[in-house]
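Visitor: Pasting query_31.cif here (mmCIF, C-alpha atoms and all ligand atoms):
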```
data_model
loop_
_atom_site.label_atom_id
_atom_site.label_comp_id
_atom_site.auth_asym_id
_atom_site.auth_seq_id
_atom_site.Cartn_x
_atom_site.Cartn_y
_atom_site.Cartn_z
CA PRO A 1419 -15.93 7.76 11.23
CA ALA A 1420 -13.14 7.01 8.78
CA ASP A 1421 -12.23 8.33 5.36
CA VAL A 1422 -10.22 5.23 4.59
CA VAL A 1423 -10.29 1.73 6.04
CA THR A 1424 -7.37 -0.55 5.29
CA LEU A 1425 -6.59 -4.08 6.34
CA GLY A 1426 -3.50 -6.23 6.24
CA GLU A 1427 -0.43 -7.42 8.08
CA SER A 1428 2.19 -5.23 9.72
CA MET A 1429 5.49 -6.50 10.97
CA VAL A 1430 8.37 -5.41 13.12
CA LEU A 1431 11.12 -4.30 10.73
CA LEU A 1432 14.80 -4.71 11.55
CA GLN A 1433 17.20 -2.76 9.33
CA PRO A 1434 21.00 -3.09 9.45
CA LEU A 1435 22.77 0.16 10.22
CA ALA A 1436 25.24 -0.39 7.38
CA ASP A 1437 24.92 -1.62 3.79
CA GLY A 1438 26.21 -5.11 3.09
CA PRO A 1439 25.40 -8.76 3.67
CA LEU A 1440 22.87 -9.40 6.40
CA ALA A 1441 24.92 -12.31 7.69
CA SER A 1442 27.62 -9.93 8.82
CA ALA A 1443 25.44 -7.07 10.07
CA PRO A 1444 26.04 -6.58 13.79
CA LEU A 1445 23.66 -3.68 14.48
CA PHE A 1446 20.04 -3.09 13.55
CA THR A 1447 17.48 -0.34 13.98
CA ARG A 1448 13.94 -1.30 14.79
CA SER A 1449 10.82 0.03 13.16
CA ILE A 1450 7.54 -1.34 11.90
CA ALA A 1451 6.31 -1.85 8.35
CA GLY A 1452 3.52 -3.27 6.27
CA ALA A 1453 2.07 -2.02 3.02
CA GLU A 1454 -1.32 -1.14 4.48
CA SER A 1455 0.00 0.51 7.63
CA ASN A 1456 2.50 2.47 5.51
CA LEU A 1457 -0.47 3.78 3.56
CA ALA A 1458 -2.37 4.45 6.80
CA ILE A 1459 0.51 6.55 8.17
CA GLY A 1460 0.81 8.45 4.89
CA LEU A 1461 -2.88 9.26 4.85
CA SER A 1462 -3.08 10.16 8.53
CA ARG A 1463 -0.18 12.61 8.17
CA LEU A 1464 -2.08 14.19 5.30
CA GLY A 1465 -5.04 14.81 7.58
CA MET A 1466 -7.26 11.87 6.64
CA ARG A 1467 -9.10 9.75 9.20
CA VAL A 1468 -7.86 6.18 8.89
CA ARG A 1469 -9.00 2.89 10.40
CA TRP A 1470 -6.41 0.10 10.31
CA ILE A 1471 -7.68 -3.44 10.73
CA SER A 1472 -5.34 -6.33 11.41
CA ARG A 1473 -4.44 -9.19 13.69
CA LEU A 1474 -1.36 -9.17 15.90
CA GLY A 1475 0.18 -11.61 18.32
CA ASP A 1476 -0.50 -10.97 21.95
CA ASP A 1477 3.19 -10.18 22.39
CA PRO A 1478 5.49 -7.15 22.85
CA PHE A 1479 6.00 -6.71 19.10
CA GLY A 1480 2.21 -6.55 18.69
CA ASP A 1481 2.16 -3.81 21.35
CA LEU A 1482 4.87 -1.92 19.47
CA ILE A 1483 2.98 -1.98 16.18
CA GLN A 1484 -0.31 -1.00 17.77
CA SER A 1485 1.17 1.87 19.76
CA THR A 1486 3.23 3.20 16.84
CA LEU A 1487 0.16 3.37 14.62
CA ALA A 1488 -2.00 4.83 17.38
CA GLY A 1489 0.74 7.44 17.87
CA GLU A 1490 0.31 8.39 14.21
CA GLY A 1491 -3.35 9.15 14.90
CA ILE A 1492 -4.71 5.99 13.28
CA ASP A 1493 -7.75 4.19 14.68
CA VAL A 1494 -6.42 0.75 15.71
CA SER A 1495 -9.32 -0.21 17.94
CA LEU A 1496 -10.53 -2.99 15.65
CA ALA A 1497 -7.15 -4.74 15.41
CA GLU A 1498 -7.38 -8.13 17.14
CA ARG A 1499 -4.75 -9.83 19.27
CA ASP A 1500 -4.22 -13.58 18.93
CA ALA A 1501 -2.69 -15.36 21.91
CA ASN A 1502 -1.83 -18.39 19.75
CA ALA A 1503 0.06 -16.77 16.88
CA PRO A 1504 3.04 -14.45 16.71
CA THR A 1505 3.44 -10.95 15.33
CA SER A 1506 5.58 -11.13 12.18
CA VAL A 1507 9.11 -9.81 11.73
CA TYR A 1508 11.06 -8.88 8.63
CA PHE A 1509 14.57 -7.77 7.78
CA LYS A 1510 15.94 -5.62 5.01
CA GLU A 1511 19.36 -6.06 3.48
CA PHE A 1512 20.76 -2.95 1.77
CA LYS A 1513 23.16 -3.55 -1.09
CA GLY A 1514 24.00 0.09 -1.65
CA TYR A 1515 22.12 0.14 -4.97
CA GLY A 1516 18.75 -1.02 -6.30
CA ASP A 1517 15.92 -2.46 -4.23
CA PRO A 1518 16.88 -3.89 -0.84
CA ASN A 1519 16.49 -7.63 -0.31
CA VAL A 1520 13.81 -8.60 2.19
CA TYR A 1521 13.60 -11.61 4.48
CA TYR A 1522 10.25 -12.46 6.05
CA TYR A 1523 9.52 -14.33 9.27
CA ARG A 1524 5.74 -14.41 9.02
CA ARG A 1525 4.54 -17.97 8.44
CA GLY A 1526 1.74 -18.90 10.87
CA SER A 1527 1.26 -15.26 11.87
CA ALA A 1528 -1.94 -13.91 13.35
CA VAL A 1529 -3.01 -12.40 9.99
CA SER A 1530 -2.32 -15.65 8.12
CA LYS A 1531 -5.29 -17.14 10.00
CA TRP A 1532 -7.77 -14.70 8.46
CA THR A 1533 -10.81 -16.29 6.78
CA PRO A 1534 -14.00 -14.73 5.38
CA GLU A 1535 -15.71 -15.43 8.73
CA HIS A 1536 -13.49 -12.80 10.34
CA VAL A 1537 -14.78 -10.05 8.04
CA ARG A 1538 -17.21 -7.89 10.01
CA PRO A 1539 -19.67 -5.38 8.58
CA ASP A 1540 -18.76 -2.90 11.33
CA TRP A 1541 -15.25 -2.62 9.87
CA PHE A 1542 -16.88 -0.41 7.25
CA ASP A 1543 -19.27 1.60 9.42
CA SER A 1544 -19.23 5.34 8.71
CA ALA A 1545 -16.42 4.96 6.21
CA ARG A 1546 -15.90 6.09 2.61
CA HIS A 1547 -13.18 3.96 1.13
CA LEU A 1548 -11.38 0.62 1.55
CA HIS A 1549 -7.78 0.04 0.44
CA VAL A 1550 -6.36 -3.48 0.15
CA THR A 1551 -3.20 -5.00 -1.30
CA GLY A 1552 -2.25 -8.25 -2.95
CA ILE A 1553 0.04 -9.12 -0.05
CA THR A 1554 -2.69 -10.34 2.33
CA PRO A 1555 -4.10 -12.88 -0.17
CA ALA A 1556 -0.65 -14.53 -0.28
CA LEU A 1557 -0.34 -15.06 3.45
CA GLY A 1558 -2.56 -18.00 4.34
CA ALA A 1559 -5.04 -20.61 3.19
CA GLY A 1560 -8.07 -18.39 3.75
CA THR A 1561 -6.65 -14.90 3.38
CA ALA A 1562 -7.46 -14.49 -0.32
CA ASP A 1563 -11.09 -15.36 0.40
CA ALA A 1564 -11.04 -12.98 3.37
CA ILE A 1565 -9.85 -10.10 1.17
CA ARG A 1566 -12.44 -10.96 -1.47
CA ALA A 1567 -15.15 -10.96 1.22
CA ALA A 1568 -13.92 -7.64 2.59
CA MET A 1569 -13.95 -6.01 -0.85
CA ARG A 1570 -17.50 -7.25 -1.48
CA GLN A 1571 -18.71 -6.22 1.98
CA ALA A 1572 -17.18 -2.77 1.59
CA ARG A 1573 -18.96 -2.22 -1.69
CA GLU A 1574 -22.24 -3.41 -0.23
CA SER A 1575 -21.72 -0.89 2.55
CA GLY A 1576 -21.33 1.87 -0.06
CA LEU A 1577 -17.53 2.30 0.04
CA THR A 1578 -15.29 2.68 -2.97
CA VAL A 1579 -12.35 0.25 -3.08
CA SER A 1580 -8.73 0.58 -4.19
CA PHE A 1581 -6.39 -2.33 -4.82
CA ASP A 1582 -2.59 -2.31 -5.12
CA PRO A 1583 -1.40 -5.73 -6.33
CA ASN A 1584 1.89 -5.36 -4.43
CA LEU A 1585 3.29 -8.50 -5.98
CA ARG A 1586 5.62 -10.23 -3.52
CA ARG A 1587 7.13 -13.15 -5.38
CA LYS A 1588 8.66 -14.66 -2.26
CA LEU A 1589 5.24 -15.33 -0.81
CA TRP A 1590 3.59 -17.49 -3.46
CA SER A 1591 3.91 -19.18 -6.83
CA GLU A 1592 3.65 -17.17 -10.05
CA ASP A 1593 0.55 -19.01 -11.21
CA GLU A 1594 -1.33 -18.59 -7.98
CA ALA A 1595 -0.31 -14.97 -7.68
CA ARG A 1596 -1.44 -14.15 -11.22
CA ARG A 1597 -4.74 -16.01 -10.92
CA THR A 1598 -5.65 -14.56 -7.53
CA LEU A 1599 -4.60 -10.96 -8.23
CA LEU A 1600 -6.51 -10.94 -11.53
CA SER A 1601 -9.62 -12.28 -9.79
CA LEU A 1602 -9.66 -9.31 -7.41
CA ILE A 1603 -9.53 -6.57 -10.05
CA PRO A 1604 -13.28 -6.65 -10.83
CA LEU A 1605 -13.93 -5.92 -7.14
CA CYS A 1606 -12.08 -2.61 -7.09
CA ASP A 1607 -12.77 0.91 -8.29
CA VAL A 1608 -9.14 2.06 -8.39
CA PHE A 1609 -6.44 -0.37 -9.51
CA MET A 1610 -2.84 0.71 -8.83
CA PRO A 1611 -0.22 -1.56 -10.38
CA GLY A 1612 3.41 -0.76 -11.05
CA ILE A 1613 4.51 -1.20 -14.65
CA GLU A 1614 6.26 -4.50 -13.84
CA GLU A 1615 3.19 -5.81 -12.07
CA ALA A 1616 1.05 -4.79 -15.03
CA GLU A 1617 3.32 -6.80 -17.30
CA PHE A 1618 3.24 -9.76 -14.91
CA LEU A 1619 -0.56 -9.73 -14.90
CA ALA A 1620 -1.33 -8.84 -18.50
CA GLY A 1621 1.78 -9.64 -20.53
CA ALA A 1622 3.94 -7.10 -22.37
CA MET A 1623 2.03 -4.29 -24.09
CA GLU A 1624 2.24 -0.54 -24.71
CA GLU A 1625 1.77 1.59 -21.61
CA GLU A 1626 -1.61 3.03 -22.73
CA ALA A 1627 -2.87 -0.45 -23.55
CA TYR A 1628 -2.58 -1.41 -19.87
CA GLY A 1629 -5.16 1.25 -19.03
CA ALA A 1630 -7.72 -0.18 -21.43
CA HIS A 1631 -6.84 -3.74 -20.39
CA PHE A 1632 -7.45 -3.27 -16.67
CA LEU A 1633 -10.51 -1.06 -17.23
CA GLY A 1634 -11.81 -3.94 -19.33
CA LEU A 1635 -11.38 -6.28 -16.35
CA GLY A 1636 -13.72 -4.12 -14.28
CA ALA A 1637 -11.70 -1.35 -12.58
CA GLN A 1638 -13.14 2.16 -12.98
CA THR A 1639 -9.81 3.95 -12.66
CA VAL A 1640 -6.27 2.69 -13.27
CA ALA A 1641 -3.24 4.44 -11.76
CA LEU A 1642 -0.12 2.97 -13.37
CA LYS A 1643 3.17 3.60 -11.53
CA LEU A 1644 6.15 4.22 -13.82
CA GLY A 1645 8.92 4.65 -11.25
CA GLU A 1646 11.09 7.72 -11.84
CA GLU A 1647 9.12 8.46 -15.00
CA GLY A 1648 6.06 9.30 -12.88
CA SER A 1649 2.68 7.72 -13.47
CA ALA A 1650 -0.26 7.46 -15.85
CA GLY A 1651 -3.97 7.43 -15.07
CA PHE A 1652 -6.87 6.02 -17.04
CA THR A 1653 -10.65 6.04 -16.83
CA SER A 1654 -13.05 5.10 -19.61
CA GLY A 1655 -12.94 8.64 -20.97
CA THR A 1656 -9.56 9.95 -19.83
CA ALA A 1657 -5.84 9.23 -20.10
CA VAL A 1658 -3.46 11.44 -18.10
CA ARG A 1659 0.28 11.38 -17.52
CA ALA A 1660 2.08 12.97 -14.58
CA LYS A 1661 5.83 13.56 -14.54
CA GLY A 1662 8.05 12.06 -11.86
CA HIS A 1663 10.05 14.17 -9.39
CA ALA A 1664 13.80 14.42 -9.38
CA VAL A 1665 15.23 12.56 -6.42
CA ASN A 1666 18.63 13.48 -4.98
CA ARG A 1667 19.53 10.02 -3.74
CA VAL A 1668 17.49 6.84 -3.68
CA VAL A 1669 18.06 5.32 -0.24
CA ASP A 1670 15.27 2.76 0.18
CA THR A 1671 12.62 1.96 -2.43
CA VAL A 1672 10.47 -0.20 -0.13
CA GLY A 1673 7.23 1.59 0.71
CA ALA A 1674 7.30 3.93 -2.31
CA GLY A 1675 4.18 2.35 -3.78
CA ASP A 1676 2.31 2.75 -0.50
CA ALA A 1677 3.33 6.41 -0.35
CA PHE A 1678 2.07 6.79 -3.93
CA ALA A 1679 -1.26 5.22 -2.95
CA ALA A 1680 -1.58 7.53 0.07
CA GLY A 1681 -0.89 10.59 -2.07
CA PHE A 1682 -3.30 9.44 -4.73
CA LEU A 1683 -6.17 8.64 -2.39
CA SER A 1684 -5.77 11.76 -0.26
CA SER A 1685 -6.32 13.85 -3.37
CA TRP A 1686 -8.74 11.62 -5.27
CA LEU A 1687 -11.11 11.23 -2.32
CA ASN A 1688 -11.11 14.94 -1.48
CA GLY A 1689 -10.75 16.46 -4.92
CA ALA A 1690 -13.03 19.34 -5.76
CA ALA A 1691 -11.82 19.20 -9.37
CA ALA A 1692 -14.24 20.29 -12.02
CA ASP A 1693 -13.59 17.37 -14.32
CA GLU A 1694 -12.26 13.83 -14.35
CA GLU A 1695 -9.00 14.70 -16.08
CA THR A 1696 -8.09 17.33 -13.49
CA ARG A 1697 -9.11 15.07 -10.61
CA LEU A 1698 -6.92 12.27 -11.92
CA GLY A 1699 -4.00 14.57 -12.82
CA ASP A 1700 -4.02 16.21 -9.36
CA ALA A 1701 -4.11 12.81 -7.64
CA LEU A 1702 -1.21 11.49 -9.73
CA ALA A 1703 0.90 14.61 -9.14
CA ARG A 1704 0.51 14.28 -5.38
CA ALA A 1705 1.09 10.51 -5.57
CA ASN A 1706 4.34 10.98 -7.50
CA LEU A 1707 5.67 13.48 -4.99
CA MET A 1708 4.85 11.14 -2.09
CA GLY A 1709 6.63 8.25 -3.83
CA ALA A 1710 9.69 10.44 -4.48
CA LEU A 1711 9.83 11.47 -0.82
CA ALA A 1712 9.52 7.90 0.44
CA VAL A 1713 12.58 6.61 -1.46
CA GLN A 1714 14.89 9.25 0.01
CA TYR A 1715 14.69 7.90 3.57
CA LYS A 1716 15.57 4.61 5.17
CA GLY A 1717 12.45 2.88 6.43
CA ASP A 1718 9.09 2.41 4.74
CA TRP A 1719 7.28 5.53 5.97
CA GLU A 1720 9.62 7.65 8.07
CA GLY A 1721 10.07 10.23 5.31
CA LEU A 1722 6.39 10.85 4.65
CA PRO A 1723 5.29 14.49 5.03
CA LYS A 1724 2.58 16.28 6.94
CA LEU A 1725 -0.07 17.98 4.80
CA ARG A 1726 1.39 21.48 5.17
CA GLU A 1727 4.84 20.23 4.10
CA LEU A 1728 3.40 18.49 1.07
CA GLU A 1729 1.39 21.53 0.05
CA ARG A 1730 4.46 23.73 0.38
CA MET A 1731 6.42 21.38 -1.88
CA LEU A 1732 3.66 21.14 -4.48
CA ALA A 1733 3.26 24.93 -4.53
CA GLY A 1734 7.03 25.39 -4.90
CA ARG A 1735 7.03 23.06 -7.87
CA GLN A 1736 4.32 24.96 -9.69
CA SER A 1737 5.84 28.41 -9.21
O1 LIG A 1801 5.12 -2.06 0.38
C1 LIG A 1801 6.01 -2.20 1.43
C2 LIG A 1801 5.88 -3.56 2.00
O2 LIG A 1801 6.35 -4.50 1.08
C3 LIG A 1801 6.65 -3.73 3.27
O3 LIG A 1801 6.23 -2.82 4.25
C4 LIG A 1801 6.56 -5.09 3.84
O4 LIG A 1801 4.21 -5.42 3.87
C5 LIG A 1801 5.29 -5.78 3.51
C6 LIG A 1801 5.44 -6.96 2.68
O5 LIG A 1801 4.66 -7.88 2.87
O6 LIG A 1801 6.29 -6.97 1.81
#
```
How would this structure read if it were set down as structure tokens?
Ligand code: KDG

Guide:
Amino acid sequence: PADVVTLGESMVLLQPLADGPLASAPLFTRSIAGAESNLAIGLSRLGMRVRWISRLGDDPFGDLIQSTLAGEGIDVSLAERDANAPTSVYFKEFKGYGDPNVYYYRRGSAVSKWTPEHVRPDWFDSARHLHVTGITPALGAGTADAIRAAMRQARESGLTVSFDPNLRRKLWSEDEARRTLLSLIPLCDVFMPGIEEAEFLAGAMEEEAYGAHFLGLGAQTVALKLGEEGSAGFTSGTAVRAKGHAVNRVVDTVGAGDAFAAGFLSSWLNGAAADEETRLGDALARANLMGALAVQYKGDWEGLPKLRELERMLAGRQS
């Protein structure tokens, strides 16, 4: 059984030890990354049962990704290995301020071959929720259709679905990105854009107007990420705002949105809240804290807490 199923591409991540231009970086640390596996790690550390579905090359980097995620307690048994395609790699370049630059080596990867025919009903057996991102649809000729098929299949199997657009401009054209990401919104229950993604998809408008806009496109719940300002949540009858957390030093912003999604879903799926407003407010508060923790550590997920650590921090904040 799984509380959350997620599917997408993970890569080996190489990070320079020092800030500065990648071209003159002599030493790198090695980790793994990928929006969906970042979320999977976040959720697993918070005590949720997670099934991660992907394709990897039949190569040592594929072994590394699979064993790292298995070591985090994630069910990786449905991840396929492809002997004819490589596992992807990506590099970060830290400038010492702002978002790091990223360089992808992922064309022709095992996940880029995904088509709707790969989507299997048993991916969703005994599961409650599916989380997908807008990265997978950008990876190959058939991957957008595969994600669409997975979202439909999940709903037919009785799961709720969340969707983080995770706009990655390097991967596709603006027009295609906008058209495809918008087309997936009606297939999700929870839509989780950042404020810049909301503007990219819907044009400039007041913050609250984004809630109504995306609800109008078919989402049931909208969780809008506002960076250090926190986040806002919307359903047809509710609008909630949750304050951001003070962060001592922003080290690496990559993965913050995935941490936010993990925090949100871990609360939203388990919430015993009496009413919609409390359920949404609790989920946003936990999501904000997770996002704030993620940016204080180098790496996409290394700084994510165990449940008892998170609860201690949330309790400390309220007292
Ligand atoms: O959200 C973090 C991801 O962007 C990172 O892990 C790499 O999956 C990745 C991507 O495609 O950018």

Visitor: Tell me, as a short mmCIF file (atom, residue, chain, number, x, y, z; two decimals) with C-alpha atoms, in the frame of the given file, which residues lie within 7 Å of region 1521-1537 of chain A, counting only C-alpha atoms; anything in the same chain fewer than 6 positions away does not count.

Guide:
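Written output follows (result24.cif):
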```
data_model
loop_
_atom_site.label_atom_id
_atom_site.label_comp_id
_atom_site.auth_asym_id
_atom_site.auth_seq_id
_atom_site.Cartn_x
_atom_site.Cartn_y
_atom_site.Cartn_z
CA GLU A 1427 -0.43 -7.42 8.08
CA SER A 1472 -5.34 -6.33 11.41
CA ARG A 1473 -4.44 -9.19 13.69
CA LEU A 1474 -1.36 -9.17 15.90
CA GLY A 1475 0.18 -11.61 18.32
CA ASP A 1500 -4.22 -13.58 18.93
CA ALA A 1503 0.06 -16.77 16.88
CA PRO A 1504 3.04 -14.45 16.71
CA THR A 1505 3.44 -10.95 15.33
CA SER A 1506 5.58 -11.13 12.18
CA VAL A 1507 9.11 -9.81 11.73
CA TYR A 1508 11.06 -8.88 8.63
CA PHE A 1509 14.57 -7.77 7.78
CA LYS A 1510 15.94 -5.62 5.01
CA LEU A 1557 -0.34 -15.06 3.45
CA GLY A 1558 -2.56 -18.00 4.34
CA GLY A 1560 -8.07 -18.39 3.75
CA THR A 1561 -6.65 -14.90 3.38
CA ASP A 1563 -11.09 -15.36 0.40
CA ALA A 1564 -11.04 -12.98 3.37
CA ALA A 1567 -15.15 -10.96 1.22
CA ALA A 1568 -13.92 -7.64 2.59
#
```

Visitor: Would you pick out the contacts of Asp1421 (chain A) at 7 Å or less, using only C-alpha atoms, so that residues sharing its chain but fewer than 5 positions from it are not included, and give the list as a VMD selection string?

Guide: chain A and resid 1466 to 1468 1545 to 1547

Visitor: Using all atoms listed in the file, which of A:Trp1590, A:Phe1609, A:Phe1652, A:Phe1618 sits nearest ligand LIG 1801 (chain A)?

Guide: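 Closest to ligand LIG 1801 (chain A), using all atoms listed in the file: A:Trp1590.
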
Visitor: Residues at most 8 Å from ligand LIG 1801 (chain A), using all atoms listed in the file? Could they come as a list in words?

Guide: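 Counting only what the definition allows, namely all atoms listed in the file, the set is Glu1427, Ser1428, Met1429, Ile1450, Ala1451, Gly1452, Ala1453, Glu1454, Ser1455, Asn1456, Tyr1508, Val1520, Tyr1522, Ile1553, Thr1554, Asn1584, Arg1586, Val1672, Gly1673, Ala1674, Gly1675, Asp1676 and Asp1718 of chain A.
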
Visitor: Using all atoms listed in the file, can you tell me which of A:Thr1653, A:Ser1495, A:Ser1580, A:Ser1684 comes closest to Ser1462 (chain A)?

Guide: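 Residue with the minimum atom-to-atom distance to Ser1462 (chain A): A:Ser1684.
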
Visitor: At what distance in Å, to one decimal, does CA of Gly1612 (chain A) lie from CA of Arg1596 (chain A)?

Guide: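 Separation between CA of Arg1596 (chain A) and CA of Gly1612 (chain A): 14.2 Å.
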
Visitor: Kindly indicate which residue among A:Pro1583, A:Leu1600, A:Leu1725, A:Thr1639 lies nearest to Ile1613 (chain A), using only C-alpha atoms for the distances.

Guide: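 Between A:Pro1583, A:Leu1600, A:Leu1725, A:Thr1639, the residue approaching Ile1613 (chain A) most closely is A:Pro1583.
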
Visitor: Using only C-alpha atoms, list the residues that have an atom at most 6 Å from (26.7, -4.9, -2.0), coordinates as in the file, as a list in words.

Guide: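 Within the cut-off we find Gly1438, Lys1513 and Gly1514 of chain A.
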
Visitor: Listing only residues of region 1449-1517 of chain A within 12 Å of region 1708-1712 of chain A, what is the closest atom pair and its distance in Å (to one decimal) for each, using all atoms listed in the file, sorted by chain and residue number ascending, as a tab-separated table?

Guide:
```
residue	atom	partner	partner_atom	distance
A:Asn1456	CA	A:Ala1712	CA	10.2
A:Leu1457	CA	A:Met1708	CA	10.7
A:Ile1459	CA	A:Ala1712	CA	11.9
A:Gly1460	CA	A:Met1708	CA	8.5
A:Leu1461	CA	A:Met1708	CA	10.6
A:Arg1463	CA	A:Met1708	CA	11.5
A:Leu1464	CA	A:Met1708	CA	10.6
```

Visitor: Could you extract region 1536-1560 of chain A of the given structure into a file holding N, CA and C atoms, as a compact mmCIF listing (two decimals), in the first residue's frame?

Guide:
```txt
# COMPACT_ATOMS: atom_id res chain seq x y z
N HIS A 1536 3.02 2.99 -21.41
CA HIS A 1536 3.77 2.54 -20.22
C HIS A 1536 2.95 2.62 -18.93
N VAL A 1537 1.90 3.44 -18.95
CA VAL A 1537 1.14 3.69 -17.71
C VAL A 1537 0.35 2.44 -17.34
N ARG A 1538 0.60 1.93 -16.15
CA ARG A 1538 -0.02 0.66 -15.74
C ARG A 1538 -0.98 0.89 -14.58
N PRO A 1539 -2.16 0.27 -14.65
CA PRO A 1539 -3.12 0.44 -13.56
C PRO A 1539 -2.54 0.03 -12.20
N ASP A 1540 -1.63 -0.97 -12.19
CA ASP A 1540 -1.12 -1.42 -10.88
C ASP A 1540 -0.21 -0.38 -10.22
N TRP A 1541 0.20 0.66 -10.94
CA TRP A 1541 0.95 1.74 -10.30
C TRP A 1541 0.12 2.34 -9.15
N PHE A 1542 -1.20 2.26 -9.31
CA PHE A 1542 -2.08 2.97 -8.38
C PHE A 1542 -2.81 2.04 -7.40
N ASP A 1543 -2.45 0.76 -7.44
CA ASP A 1543 -3.09 -0.21 -6.54
C ASP A 1543 -2.90 0.21 -5.08
N SER A 1544 -3.92 0.07 -4.29
CA SER A 1544 -3.86 0.33 -2.85
C SER A 1544 -3.17 1.65 -2.53
N ALA A 1545 -3.48 2.67 -3.29
CA ALA A 1545 -2.86 3.97 -3.04
C ALA A 1545 -3.95 5.04 -2.90
N ARG A 1546 -3.55 6.17 -2.27
CA ARG A 1546 -4.54 7.23 -2.01
C ARG A 1546 -4.38 8.45 -2.90
N HIS A 1547 -3.13 8.72 -3.29
CA HIS A 1547 -2.88 10.01 -3.92
C HIS A 1547 -1.74 9.91 -4.93
N LEU A 1548 -1.87 10.64 -6.03
CA LEU A 1548 -0.79 10.74 -7.03
C LEU A 1548 -0.28 12.18 -7.08
N HIS A 1549 1.05 12.34 -7.08
CA HIS A 1549 1.64 13.67 -7.28
C HIS A 1549 2.48 13.66 -8.56
N VAL A 1550 2.23 14.63 -9.42
CA VAL A 1550 3.03 14.77 -10.65
C VAL A 1550 3.52 16.22 -10.78
N THR A 1551 4.52 16.40 -11.64
CA THR A 1551 5.01 17.75 -11.89
C THR A 1551 5.00 18.04 -13.39
N GLY A 1552 5.18 19.31 -13.69
CA GLY A 1552 5.24 19.73 -15.09
C GLY A 1552 6.61 19.54 -15.71
N ILE A 1553 7.52 18.87 -15.00
CA ILE A 1553 8.83 18.60 -15.60
C ILE A 1553 8.72 17.42 -16.57
N THR A 1554 8.11 16.34 -16.14
CA THR A 1554 8.02 15.14 -16.99
C THR A 1554 7.42 15.45 -18.37
N PRO A 1555 6.33 16.25 -18.45
CA PRO A 1555 5.75 16.50 -19.77
C PRO A 1555 6.72 17.18 -20.74
N ALA A 1556 7.78 17.81 -20.20
CA ALA A 1556 8.72 18.53 -21.05
C ALA A 1556 9.84 17.64 -21.58
N LEU A 1557 9.89 16.40 -21.16
CA LEU A 1557 11.10 15.60 -21.40
C LEU A 1557 11.15 14.86 -22.72
N GLY A 1558 10.01 14.52 -23.29
CA GLY A 1558 10.07 13.70 -24.51
C GLY A 1558 8.83 13.88 -25.35
N ALA A 1559 8.79 13.19 -26.48
CA ALA A 1559 7.67 13.35 -27.41
C ALA A 1559 6.36 12.83 -26.81
N GLY A 1560 6.46 11.77 -26.01
CA GLY A 1560 5.23 11.16 -25.49
C GLY A 1560 5.01 11.37 -24.00
```
